[in-house]
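As provided, upload-v3.csv (CSV, C-alpha atoms and all ligand atoms) reads as follows.
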```csv
chain,number,residue,atom,x,y,z
A,1,MET,CA,-60.0,-39.0,39.7
A,2,SER,CA,-57.6,-36.2,39.2
A,3,ASN,CA,-55.2,-37.4,41.9
A,4,SER,CA,-53.7,-40.8,41.0
A,5,ASP,CA,-52.4,-41.2,44.6
A,6,LEU,CA,-55.9,-41.8,45.8
A,7,PHE,CA,-57.3,-45.3,46.0
A,8,GLN,CA,-60.5,-46.2,44.3
A,9,PRO,CA,-63.0,-48.9,44.9
A,10,LEU,CA,-62.7,-51.7,42.3
A,11,GLY,CA,-65.6,-51.0,39.9
A,12,GLY,CA,-68.2,-53.5,38.6
A,13,ASN,CA,-67.0,-53.0,35.1
A,14,GLU,CA,-63.4,-54.0,36.0
A,15,MET,CA,-64.3,-57.1,38.0
A,16,PRO,CA,-67.8,-58.6,38.6
A,17,ARG,CA,-69.4,-57.5,41.8
A,18,PHE,CA,-69.5,-61.0,43.1
A,19,ALA,CA,-65.7,-61.5,42.7
A,20,GLY,CA,-62.5,-59.8,43.5
A,21,PRO,CA,-61.1,-58.7,46.9
A,22,GLY,CA,-63.0,-59.1,50.1
A,23,THR,CA,-62.1,-55.7,51.4
A,24,MET,CA,-64.6,-52.9,52.2
A,25,MET,CA,-65.8,-51.6,48.8
A,26,ARG,CA,-63.1,-53.7,47.2
A,27,LEU,CA,-60.6,-51.0,48.1
A,28,PRO,CA,-56.9,-51.9,48.3
A,29,ALA,CA,-55.9,-53.7,51.5
A,30,ALA,CA,-53.2,-51.9,53.4
A,31,LEU,CA,-51.0,-53.3,56.2
A,32,ASP,CA,-51.2,-50.1,58.3
A,33,ALA,CA,-52.6,-46.6,58.2
A,34,VAL,CA,-49.4,-44.9,56.7
A,35,GLY,CA,-50.4,-42.2,54.3
A,36,LEU,CA,-54.2,-42.7,54.7
A,37,ASP,CA,-56.8,-40.1,55.5
A,38,ALA,CA,-59.4,-42.6,56.5
A,39,CYS,CA,-59.3,-46.4,57.0
A,40,PHE,CA,-61.7,-49.2,57.5
A,41,ILE,CA,-61.0,-51.6,60.4
A,42,GLY,CA,-62.9,-54.7,61.3
A,43,ILE,CA,-63.3,-55.8,64.9
A,44,PRO,CA,-64.7,-59.4,64.9
A,45,LEU,CA,-65.8,-59.3,68.5
A,46,ASP,CA,-68.9,-61.0,70.0
A,47,VAL,CA,-67.7,-62.1,73.4
A,48,GLY,CA,-69.1,-59.0,75.0
A,49,THR,CA,-72.7,-59.7,74.0
A,50,SER,CA,-75.5,-60.5,76.4
A,51,ASN,CA,-78.0,-62.3,74.2
A,52,ARG,CA,-77.7,-63.6,70.7
A,53,PRO,CA,-74.1,-64.0,69.5
A,54,GLY,CA,-72.7,-63.7,66.0
A,55,THR,CA,-71.2,-60.2,65.6
A,56,ARG,CA,-67.8,-61.8,65.2
A,57,PHE,CA,-69.0,-62.4,61.6
A,58,GLY,CA,-70.1,-58.7,61.2
A,59,PRO,CA,-67.1,-57.2,59.6
A,60,LYS,CA,-66.7,-60.0,57.0
A,61,GLN,CA,-70.4,-59.8,56.1
A,62,ILE,CA,-70.5,-56.0,55.9
A,63,ARG,CA,-67.5,-56.1,53.5
A,64,ALA,CA,-69.3,-58.8,51.5
A,65,GLU,CA,-72.4,-56.6,51.1
A,66,SER,CA,-70.3,-53.6,50.3
A,67,VAL,CA,-69.6,-54.8,46.8
A,68,MET,CA,-72.6,-52.9,45.5
A,69,LEU,CA,-71.4,-49.6,46.7
A,70,ARG,CA,-70.2,-47.2,44.0
A,71,PRO,CA,-67.9,-44.3,44.7
A,72,TYR,CA,-70.3,-41.3,44.3
A,73,HIS,CA,-73.2,-40.3,46.5
A,74,MET,CA,-76.1,-39.5,44.1
A,75,TRP,CA,-78.0,-37.2,46.4
A,76,THR,CA,-75.3,-35.2,48.3
A,77,ARG,CA,-72.8,-35.6,45.4
A,78,ALA,CA,-70.1,-36.5,48.0
A,79,ALA,CA,-67.0,-37.8,46.3
A,80,PRO,CA,-64.9,-39.2,49.1
A,81,PHE,CA,-62.4,-40.9,46.9
A,82,GLU,CA,-61.6,-37.7,45.0
A,83,SER,CA,-60.1,-36.0,48.1
A,84,LEU,CA,-59.3,-38.7,50.7
A,85,ARG,CA,-56.9,-41.6,50.5
A,86,ILE,CA,-58.9,-44.5,51.9
A,87,ALA,CA,-58.0,-48.2,52.3
A,88,ASP,CA,-59.1,-51.2,54.4
A,89,ILE,CA,-56.4,-52.2,56.9
A,90,GLY,CA,-58.1,-55.4,57.9
A,91,ASP,CA,-59.2,-56.8,61.3
A,92,VAL,CA,-57.9,-56.4,64.9
A,93,PRO,CA,-56.6,-59.8,66.0
A,94,ILE,CA,-58.8,-60.0,69.1
A,95,ASN,CA,-58.5,-62.7,71.8
A,96,THR,CA,-61.9,-64.4,71.5
A,97,PHE,CA,-61.2,-66.4,74.8
A,98,ASP,CA,-60.7,-63.3,76.9
A,99,LEU,CA,-62.8,-60.1,76.6
A,100,LYS,CA,-60.5,-58.0,78.7
A,101,ASP,CA,-57.5,-59.0,76.7
A,102,ALA,CA,-59.5,-58.3,73.5
A,103,VAL,CA,-60.2,-54.8,74.8
A,104,ARG,CA,-56.5,-54.3,75.5
A,105,ARG,CA,-55.6,-55.5,72.0
A,106,ILE,CA,-58.2,-53.2,70.4
A,107,GLU,CA,-56.8,-50.2,72.3
A,108,ALA,CA,-53.2,-51.0,71.3
A,109,PHE,CA,-54.2,-51.5,67.7
A,110,TYR,CA,-55.9,-48.1,67.6
A,111,ASP,CA,-53.0,-46.4,69.4
A,112,ASN,CA,-50.8,-47.6,66.5
A,113,VAL,CA,-53.3,-46.5,63.8
A,114,LEU,CA,-53.7,-43.1,65.5
A,115,THR,CA,-50.0,-42.3,65.3
A,116,HIS,CA,-51.1,-41.3,61.8
A,117,GLN,CA,-53.4,-38.5,60.8
A,118,VAL,CA,-56.2,-40.9,59.9
A,119,ILE,CA,-59.9,-41.2,60.7
A,120,PRO,CA,-60.8,-44.8,61.6
A,121,ILE,CA,-64.1,-46.2,60.5
A,122,THR,CA,-64.8,-49.4,62.4
A,123,LEU,CA,-66.9,-52.4,61.3
A,124,GLY,CA,-68.2,-54.3,64.4
A,125,GLY,CA,-68.4,-56.3,66.3
A,126,ASP,CA,-70.3,-55.9,69.5
A,127,HIS,CA,-70.6,-52.5,71.2
A,128,THR,CA,-68.0,-53.3,73.8
A,129,LEU,CA,-65.4,-52.4,71.2
A,130,THR,CA,-66.3,-48.7,71.3
A,131,LEU,CA,-64.7,-48.3,74.8
A,132,PRO,CA,-61.2,-49.3,73.8
A,133,VAL,CA,-61.5,-47.3,70.6
A,134,LEU,CA,-62.6,-44.2,72.6
A,135,ARG,CA,-59.7,-44.8,75.0
A,136,SER,CA,-57.3,-44.5,72.1
A,137,ILE,CA,-59.2,-41.6,70.4
A,138,ALA,CA,-59.2,-39.6,73.7
A,139,LYS,CA,-55.4,-40.0,74.0
A,140,LYS,CA,-55.1,-38.2,70.7
A,141,HIS,CA,-58.0,-35.8,70.8
A,142,GLY,CA,-58.9,-35.4,74.4
A,143,PRO,CA,-62.5,-36.0,75.5
A,144,VAL,CA,-64.8,-36.1,72.5
A,145,GLY,CA,-68.4,-35.3,71.7
A,146,LEU,CA,-70.4,-38.3,71.0
A,147,VAL,CA,-73.3,-39.0,68.7
A,148,HIS,CA,-74.6,-42.4,69.9
A,149,ILE,CA,-77.4,-43.9,67.9
A,150,ASP,CA,-78.8,-47.0,69.6
A,151,ALA,CA,-81.9,-48.7,71.0
A,152,HIS,CA,-80.0,-49.0,74.3
A,153,ALA,CA,-78.2,-46.5,76.5
A,154,ASP,CA,-75.3,-48.8,77.1
A,155,ILE,CA,-74.7,-47.1,80.5
A,156,ASN,CA,-75.0,-50.1,82.8
A,157,ASP,CA,-72.6,-50.1,85.7
A,158,ARG,CA,-72.2,-53.9,85.8
A,159,MET,CA,-73.4,-56.8,83.7
A,160,PHE,CA,-73.3,-60.1,85.5
A,161,GLY,CA,-70.8,-58.4,87.8
A,162,GLU,CA,-68.5,-57.3,84.9
A,163,SER,CA,-67.5,-53.7,84.2
A,164,ILE,CA,-66.7,-54.4,80.6
A,165,ALA,CA,-69.5,-55.7,78.3
A,166,HIS,CA,-71.6,-54.4,75.4
A,167,GLY,CA,-74.0,-52.7,77.7
A,168,THR,CA,-71.5,-50.7,79.7
A,169,PRO,CA,-69.2,-48.7,77.3
A,170,PHE,CA,-70.6,-45.2,77.7
A,171,ARG,CA,-70.7,-45.5,81.5
A,172,ARG,CA,-67.0,-46.4,81.5
A,173,ALA,CA,-66.3,-43.7,78.8
A,174,LEU,CA,-67.8,-41.0,81.0
A,175,GLU,CA,-66.1,-42.2,84.2
A,176,GLU,CA,-62.7,-42.3,82.3
A,177,GLY,CA,-63.2,-38.8,80.9
A,178,LEU,CA,-63.2,-40.1,77.3
A,179,ILE,CA,-66.4,-38.3,76.3
A,180,ASP,CA,-67.7,-34.8,77.3
A,181,PRO,CA,-71.2,-35.4,78.7
A,182,ASN,CA,-72.3,-31.9,77.6
A,183,HIS,CA,-71.5,-32.9,74.0
A,184,THR,CA,-73.0,-36.4,74.2
A,185,PHE,CA,-76.2,-37.2,72.3
A,186,GLN,CA,-78.0,-40.5,72.6
A,187,ILE,CA,-80.7,-41.1,69.9
A,188,GLY,CA,-83.2,-43.9,69.4
A,189,LEU,CA,-83.4,-45.3,72.9
A,190,ARG,CA,-86.4,-47.4,73.7
A,191,GLY,CA,-87.8,-50.7,74.9
A,192,THR,CA,-88.1,-52.1,78.4
A,193,GLY,CA,-85.8,-51.3,81.3
A,194,TYR,CA,-84.9,-52.6,84.8
A,195,THR,CA,-86.2,-49.4,86.3
A,196,ALA,CA,-88.4,-46.6,84.9
A,197,GLU,CA,-85.5,-44.2,85.4
A,198,ASP,CA,-82.8,-46.2,83.4
A,199,PHE,CA,-82.2,-43.5,80.8
A,200,ASP,CA,-82.3,-40.6,83.4
A,201,TRP,CA,-78.8,-41.5,84.7
A,202,ALA,CA,-77.5,-40.3,81.4
A,203,ARG,CA,-79.7,-37.2,81.5
A,204,LYS,CA,-78.5,-36.3,85.0
A,205,LYS,CA,-74.9,-36.6,83.7
A,206,GLY,CA,-75.6,-34.0,81.0
A,207,PHE,CA,-76.3,-36.3,78.0
A,208,GLU,CA,-79.1,-35.2,75.7
A,209,VAL,CA,-81.3,-38.3,75.2
A,210,THR,CA,-83.9,-38.6,72.4
A,211,GLN,CA,-86.0,-41.6,72.8
A,212,ALA,CA,-87.3,-43.4,69.7
A,213,GLU,CA,-90.9,-42.4,70.4
A,214,GLU,CA,-89.9,-38.7,69.9
A,215,LEU,CA,-88.9,-39.6,66.3
A,216,TRP,CA,-91.9,-41.8,65.4
A,217,HIS,CA,-93.6,-40.7,62.2
A,218,LYS,CA,-91.1,-37.8,61.8
A,219,SER,CA,-88.0,-36.8,59.9
A,220,ALA,CA,-84.9,-37.1,62.0
A,221,THR,CA,-83.3,-34.1,60.2
A,222,PRO,CA,-84.5,-31.4,62.6
A,223,LEU,CA,-83.0,-33.3,65.5
A,224,ILE,CA,-79.5,-33.7,64.0
A,225,ASP,CA,-79.7,-30.1,62.7
A,226,SER,CA,-80.2,-29.0,66.3
A,227,ILE,CA,-77.2,-31.1,67.5
A,228,ARG,CA,-74.7,-29.9,64.9
A,229,PRO,CA,-74.3,-26.3,66.2
A,230,LYS,CA,-73.9,-27.6,69.7
A,231,MET,CA,-70.9,-29.6,68.7
A,232,GLY,CA,-69.2,-26.6,67.1
A,233,ASN,CA,-65.6,-27.5,66.4
A,234,PHE,CA,-65.5,-30.1,69.2
A,235,PRO,CA,-64.0,-33.4,68.1
A,236,VAL,CA,-66.9,-35.8,67.6
A,237,TYR,CA,-67.1,-39.6,67.6
A,238,LEU,CA,-70.1,-41.2,65.9
A,239,THR,CA,-71.1,-44.6,67.2
A,240,PHE,CA,-74.0,-46.3,65.4
A,241,ASP,CA,-75.6,-49.5,66.8
A,242,ILE,CA,-77.5,-51.2,64.1
A,243,ASP,CA,-80.2,-52.2,66.7
A,244,SER,CA,-81.2,-48.5,66.7
A,245,LEU,CA,-83.2,-49.5,63.6
A,246,ASP,CA,-86.4,-51.3,63.8
A,247,PRO,CA,-86.0,-55.1,63.5
A,248,ALA,CA,-88.1,-54.8,60.3
A,249,TYR,CA,-85.1,-53.1,58.7
A,250,ALA,CA,-82.3,-54.7,60.7
A,251,PRO,CA,-83.2,-58.1,62.1
A,252,GLY,CA,-79.7,-59.4,62.1
A,253,THR,CA,-78.6,-58.2,65.5
A,254,GLY,CA,-78.3,-59.6,69.0
A,255,THR,CA,-80.7,-57.5,71.1
A,256,PRO,CA,-83.5,-56.3,68.9
A,257,GLU,CA,-86.1,-53.8,70.1
A,258,ILE,CA,-89.4,-53.0,68.4
A,259,GLY,CA,-90.5,-49.5,67.4
A,260,GLY,CA,-87.1,-48.4,66.1
A,261,LEU,CA,-85.7,-46.0,63.5
A,262,THR,CA,-86.4,-46.4,59.8
A,263,SER,CA,-83.6,-46.8,57.4
A,264,ILE,CA,-84.4,-43.3,56.1
A,265,GLN,CA,-84.2,-41.8,59.6
A,266,ALA,CA,-80.8,-43.5,60.0
A,267,ILE,CA,-79.6,-42.0,56.7
A,268,GLU,CA,-80.9,-38.6,57.8
A,269,LEU,CA,-79.0,-38.8,61.1
A,270,ILE,CA,-75.7,-39.6,59.4
A,271,ARG,CA,-76.1,-37.1,56.6
A,272,GLY,CA,-76.8,-34.5,59.3
A,273,CYS,CA,-73.3,-35.1,60.8
A,274,ARG,CA,-71.8,-33.3,57.8
A,275,GLY,CA,-69.9,-30.3,59.2
A,276,MET,CA,-69.1,-31.9,62.5
A,277,ASN,CA,-65.4,-32.4,63.3
A,278,LEU,CA,-65.7,-36.2,63.1
A,279,VAL,CA,-62.5,-38.0,64.3
A,280,GLY,CA,-63.9,-41.5,64.1
A,281,CYS,CA,-67.0,-43.6,63.5
A,282,ASP,CA,-68.2,-47.1,64.1
A,283,LEU,CA,-71.1,-49.3,63.1
A,284,VAL,CA,-71.6,-52.2,65.5
A,285,GLU,CA,-73.8,-55.1,66.4
A,286,VAL,CA,-74.4,-56.7,63.0
A,287,SER,CA,-75.0,-60.4,63.6
A,288,PRO,CA,-75.0,-62.3,60.2
A,289,PRO,CA,-76.4,-65.6,61.6
A,290,TYR,CA,-79.6,-63.7,62.4
A,291,ASP,CA,-79.5,-61.8,59.1
A,292,LEU,CA,-81.2,-64.4,56.9
A,293,GLN,CA,-81.6,-62.2,53.8
A,294,GLY,CA,-78.4,-60.2,54.3
A,295,ASN,CA,-80.4,-57.0,54.5
A,296,THR,CA,-78.9,-55.9,57.9
A,297,ALA,CA,-75.3,-56.1,56.6
A,298,LEU,CA,-76.4,-54.5,53.3
A,299,LEU,CA,-77.9,-51.6,55.3
A,300,ALA,CA,-74.8,-51.4,57.5
A,301,ALA,CA,-72.5,-51.2,54.5
A,302,ASN,CA,-74.6,-48.4,53.0
A,303,LEU,CA,-74.7,-46.5,56.4
A,304,ILE,CA,-70.9,-46.8,56.6
A,305,PHE,CA,-70.7,-45.3,53.1
A,306,GLU,CA,-72.9,-42.5,54.4
A,307,MET,CA,-70.4,-42.0,57.2
A,308,LEU,CA,-67.5,-41.8,54.8
A,309,CYS,CA,-69.4,-39.1,52.8
A,310,VAL,CA,-69.6,-36.8,55.8
A,311,LEU,CA,-66.0,-37.0,57.0
A,312,PRO,CA,-64.1,-33.7,57.1
A,313,GLY,CA,-62.2,-33.1,53.9
A,314,VAL,CA,-64.6,-35.0,51.6
A,315,SER,CA,-65.1,-33.1,48.4
A,316,PHE,CA,-68.5,-32.6,46.8
A,317,ARG,CA,-69.0,-32.5,43.0
A,318,MET,CA,-71.5,-29.7,43.3
A,319,ASP,CA,-68.6,-27.6,44.7
A,320,ASP,CA,-66.8,-27.7,41.3
A,401,MN,MN,-75.2,-50.6,71.8
A,402,MN,MN,-78.2,-51.6,71.2
```
Would you mind writing the file's structure down as structure tokens?
Ligand code: MN
Ligand code: MN
Amino acid sequence: MSNSDLFQPLGGNEMPRFAGPGTMMRLPAALDAVGLDACFIGIPLDVGTSNRPGTRFGPKQIRAESVMLRPYHMWTRAAPFESLRIADIGDVPINTFDLKDAVRRIEAFYDNVLTHQVIPITLGGDHTLTLPVLRSIAKKHGPVGLVHIDAHADINDRMFGESIAHGTPFRRALEEGLIDPNHTFQIGLRGTGYTAEDFDWARKKGFEVTQAEELWHKSATPLIDSIRPKMGNFPVYLTFDIDSLDPAYAPGTGTPEIGGLTSIQAIELIRGCRGMNLVGCDLVEVSPPYDLQGNTALLAANLIFEMLCVLPGVSFRMDD
């Protein structure tokens, strides 16, 4: 803590873990992204979901379960708060009565955030939100590479006739030139489809798709180690749908699929993003009403800390 300009999470010896501010990691709340290197943003959206609702409560519950997070990573020795100025800038005021207007509001919010040199880390919210975030990100960085970890491809053309929904964002993102298909990697896809070729649309467009079965009983590290050099210095967005995990680990989500990733594989995938030029991350689809023990939100909070620890510019104590 050499640099007193940097914000620190409120520690458990200063204020009991079950008390104090309701921000992510009990960091200072900021009104905007001025002077920040990274910021947490909540998007309490669930009007884009197709099955169980409840992700509107995701950001609040992830923040609640983040109280156990301490500032140092005890395996990688990442020390994000020693080199980055990080705060929680609160929630996007979405319109819960109008999904299209909610999407417009999210894009406008991120346009404002991204007038600053800051990496947004988003707490979702259903996966619809990644489309407006990518629209804003692409205005700043151009088409980005994508690491998309999910049980679902989210490349539907229409859902109930609608072009905007939580199962369409990556189809729209490709059509709109927000992502580069040759730098897009989908990991963890599985389950039943409408046709046997559902995931092949993405493959034909140039996405590299790794289905969950390819990772069963294995470490996910070799896969992400193979992706990292393909990204090079390309700007990369990491989008993590919590339903990529098996429902045994993450039951609190709207569209669960069996045979998913373990929490250890999820950690391996995020740790393997260290060295990528990450320009933004999100963790989506946590639905607290279906998360009866709070494990899903606890896992999500920890995975978001893992994301923080692989951002460009994070210092590592072993580098001292
Ligand atoms: Mn998804
Ligand atoms: Mn999903």
>> Distance cut-off 7 Å, centre (-80.4, -62.1, 65.0) in file coordinates, counting only C-alpha atoms: which residues qualify? Return them as a PyMOL selection string.
In response: chain A and resi 52+251-254+287+289-291
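Using all atoms listed in the file, the nearest neighbour of A:Ser83 within the list A:Met276, A:Leu6, A:Leu174, A:Ala165 is A:Leu6.
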> Within 10 Å of ligand MN 402 (chain A), counting all atoms listed in the file: which residues, as a ChimeraX atom specification?
Replying inline: /A:126-127,148-154,166-167,188-190,240-245,253-257,284-285
Sort by chain and increasing residue number a table of all residues of stretch 4-51 of chain A within 9 Å of stretch 95-115 of chain A, each with its closest pair of atoms and their distance in Å to one decimal, counting all atoms listed in the file, and write it as JSON lines.
```
{"residue": "A:Asp32", "atom": "CA", "partner": "A:Val113", "partner_atom": "CA", "distance": 6.9}
{"residue": "A:Ala33", "atom": "CA", "partner": "A:Val113", "partner_atom": "CA", "distance": 5.6}
{"residue": "A:Val34", "atom": "CA", "partner": "A:Val113", "partner_atom": "CA", "distance": 8.3}
{"residue": "A:Ile43", "atom": "CA", "partner": "A:Ile106", "partner_atom": "CA", "distance": 7.9}
{"residue": "A:Pro44", "atom": "CA", "partner": "A:Thr96", "partner_atom": "CA", "distance": 8.7}
{"residue": "A:Leu45", "atom": "CA", "partner": "A:Thr96", "partner_atom": "CA", "distance": 7.1}
{"residue": "A:Asp46", "atom": "CA", "partner": "A:Thr96", "partner_atom": "CA", "distance": 7.9}
{"residue": "A:Val47", "atom": "CA", "partner": "A:Leu99", "partner_atom": "CA", "distance": 6.2}
{"residue": "A:Gly48", "atom": "CA", "partner": "A:Leu99", "partner_atom": "CA", "distance": 6.6}
```
> What is the distance between atom CA of A:Leu292 and atom CA of A:Glu14, in Å to one decimal?
Replying inline: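 If I compute the distance from atom CA of A:Leu292 to atom CA of A:Glu14, I get 29.4 Å.
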>> Just checking: using all atoms listed in the file, which residue out of A:His116, A:Arg135, A:Arg171, A:His183 ends up closest to ligand MN 401 (chain A)?
In response: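 Closest residue, counting all atoms listed in the file: A:Arg171.
For the residues A:Gly275, A:Gly125, A:Pro235, A:Gly161, ranking by smallest atom-to-atom distance to ligand MN 401 (chain A) using all atoms listed in the file places A:Gly125 first.
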> Out of A:Ala78, A:Pro288, A:Leu84, A:Val67, which residue has the shortest atom-to-atom distance to A:Ser4 when counting all atoms listed in the file?
Replying inline: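 Once distances to A:Ser4 are computed over all atoms listed in the file, the minimum belongs to A:Leu84.
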> If you measure from atom CA of A:Thr221 to atom CA of A:Gln186, what distance in Å do you get, rounded to one decimal?
Replying inline: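 Distance between the two atoms: 14.9 Å.
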> Counting only C-alpha atoms, which residues come within 12 Å of (-63.7, -37.6, 82.2), with the point read in the file's coordinates, and could you list them as a PyMOL selection string?
Replying inline: chain A and resi 134-135+138-139+142-145+170-182+205
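Distance annotation: of A:Asn277, A:Thr262, A:Thr128, A:Thr23, the residue with the minimal separation from A:His217 is A:Thr262; atom set is only C-alpha atoms.
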> Restricting the calculation to all atoms listed in the file, which member of A:Phe40, A:Phe305, A:Trp75, A:Phe234 is positioned closest to A:Ile119?
Replying inline: A:Phe40
> What does the distance from atom CA of A:Asn233 to atom CA of A:Thr130 come to in Å, to one decimal?
Replying inline: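 Atom-to-atom, atom CA of A:Asn233 to atom CA of A:Thr130, that is 21.8 Å.
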>> Just want the 10 Å neighbourhood of A:Val279, counted on only C-alpha atoms, with same-chain residues fewer than 4 positions away dropped. Output as an NGL selection string.
In response: :A and (38 or 117-121 or 137 or 140-141 or 144-145 or 234-238 or 311-312)
> Excluding same-chain residues fewer than 4 positions from A:Ser315, what lies within 9 Å of it counting all atoms listed in the file, as a VMD selection string?
Replying inline: chain A and resid 77 to 84 309 319
Next, dump the selected residues to file, keeping only C-alpha atoms, as a PDB file, keeping the file's coordinate frame.
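Written output follows (selection.pdb):
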```
ATOM      1  CA  ARG A  77     -72.800 -35.600  45.400  1.00  0.00           C
ATOM      2  CA  ALA A  78     -70.100 -36.500  48.000  1.00  0.00           C
ATOM      3  CA  ALA A  79     -67.000 -37.800  46.300  1.00  0.00           C
ATOM      4  CA  PRO A  80     -64.900 -39.200  49.100  1.00  0.00           C
ATOM      5  CA  PHE A  81     -62.400 -40.900  46.900  1.00  0.00           C
ATOM      6  CA  GLU A  82     -61.600 -37.700  45.000  1.00  0.00           C
ATOM      7  CA  SER A  83     -60.100 -36.000  48.100  1.00  0.00           C
ATOM      8  CA  LEU A  84     -59.300 -38.700  50.700  1.00  0.00           C
ATOM      9  CA  CYS A 309     -69.400 -39.100  52.800  1.00  0.00           C
ATOM     10  CA  ASP A 319     -68.600 -27.600  44.700  1.00  0.00           C
TER      11      ASP A 319
END
```
> Neighbours of A:Ser219 within 9 Å (all atoms listed in the file; same-chain residues fewer than 3 positions away dropped), as a list in words?
Replying inline: Leu215, Trp216, Pro222, Leu223, Ile264, Gln265 and Glu268 of chain A
>> I'd like the neighbourhood of A:Ile86 as a PyMOL selection string, where a residue qualifies if any of its atoms comes within 7 Å (using all atoms listed in the file), though same-chain residues fewer than 6 positions away should be ignored.
In response: chain A and resi 7+36-39
Fix up stretch 42-55 of chain A with N, CA, C and O atoms, then write it as a JSON list (two decimals), in the frame of the given file.
```json
[["chain", "number", "residue", "atom", "x", "y", "z"],
["A", 42, "GLY", "N", -61.89, -53.77, 60.79],
["A", 42, "GLY", "CA", -62.90, -54.70, 61.30],
["A", 42, "GLY", "C", -62.50, -55.14, 62.73],
["A", 42, "GLY", "O", -61.33, -55.33, 63.02],
["A", 43, "ILE", "N", -63.52, -55.27, 63.59],
["A", 43, "ILE", "CA", -63.30, -55.80, 64.90],
["A", 43, "ILE", "C", -64.29, -56.98, 65.11],
["A", 43, "ILE", "O", -65.46, -56.75, 65.43],
["A", 44, "PRO", "N", -63.83, -58.21, 64.90],
["A", 44, "PRO", "CA", -64.70, -59.40, 64.90],
["A", 44, "PRO", "C", -65.02, -59.90, 66.28],
["A", 44, "PRO", "O", -64.72, -61.05, 66.61],
["A", 45, "LEU", "N", -65.64, -59.04, 67.07],
["A", 45, "LEU", "CA", -65.80, -59.30, 68.50],
["A", 45, "LEU", "C", -67.29, -59.65, 68.78],
["A", 45, "LEU", "O", -68.19, -58.92, 68.35],
["A", 46, "ASP", "N", -67.53, -60.74, 69.50],
["A", 46, "ASP", "CA", -68.90, -61.00, 70.00],
["A", 46, "ASP", "C", -68.90, -61.58, 71.40],
["A", 46, "ASP", "O", -69.95, -62.02, 71.87],
["A", 47, "VAL", "N", -67.76, -61.55, 72.07],
["A", 47, "VAL", "CA", -67.70, -62.10, 73.40],
["A", 47, "VAL", "C", -68.14, -61.14, 74.50],
["A", 47, "VAL", "O", -68.12, -61.47, 75.68],
["A", 48, "GLY", "N", -68.57, -59.93, 74.07],
["A", 48, "GLY", "CA", -69.10, -59.00, 75.00],
["A", 48, "GLY", "C", -70.65, -58.89, 74.95],
["A", 48, "GLY", "O", -71.26, -58.05, 75.61],
["A", 49, "THR", "N", -71.28, -59.77, 74.15],
["A", 49, "THR", "CA", -72.70, -59.70, 74.00],
["A", 49, "THR", "C", -73.49, -60.38, 75.08],
["A", 49, "THR", "O", -72.99, -61.30, 75.71],
["A", 50, "SER", "N", -74.75, -59.93, 75.30],
["A", 50, "SER", "CA", -75.50, -60.50, 76.40],
["A", 50, "SER", "C", -76.63, -61.41, 75.95],
["A", 50, "SER", "O", -77.21, -62.11, 76.76],
["A", 51, "ASN", "N", -76.96, -61.42, 74.66],
["A", 51, "ASN", "CA", -78.00, -62.30, 74.20],
["A", 51, "ASN", "C", -77.57, -63.09, 72.99],
["A", 51, "ASN", "O", -76.67, -63.93, 73.12],
["A", 52, "ARG", "N", -78.11, -62.83, 71.82],
["A", 52, "ARG", "CA", -77.70, -63.60, 70.70],
["A", 52, "ARG", "C", -76.27, -63.27, 70.26],
["A", 52, "ARG", "O", -75.92, -62.09, 70.18],
["A", 53, "PRO", "N", -75.45, -64.24, 69.95],
["A", 53, "PRO", "CA", -74.10, -64.00, 69.50],
["A", 53, "PRO", "C", -74.03, -63.72, 67.98],
["A", 53, "PRO", "O", -75.07, -63.53, 67.34],
["A", 54, "GLY", "N", -72.86, -63.72, 67.42],
["A", 54, "GLY", "CA", -72.70, -63.70, 66.00],
["A", 54, "GLY", "C", -72.06, -62.48, 65.37],
["A", 54, "GLY", "O", -71.72, -62.47, 64.19],
["A", 55, "THR", "N", -71.83, -61.43, 66.20],
["A", 55, "THR", "CA", -71.20, -60.20, 65.60],
["A", 55, "THR", "C", -69.77, -60.43, 65.23],
["A", 55, "THR", "O", -69.20, -59.58, 64.55]]
```
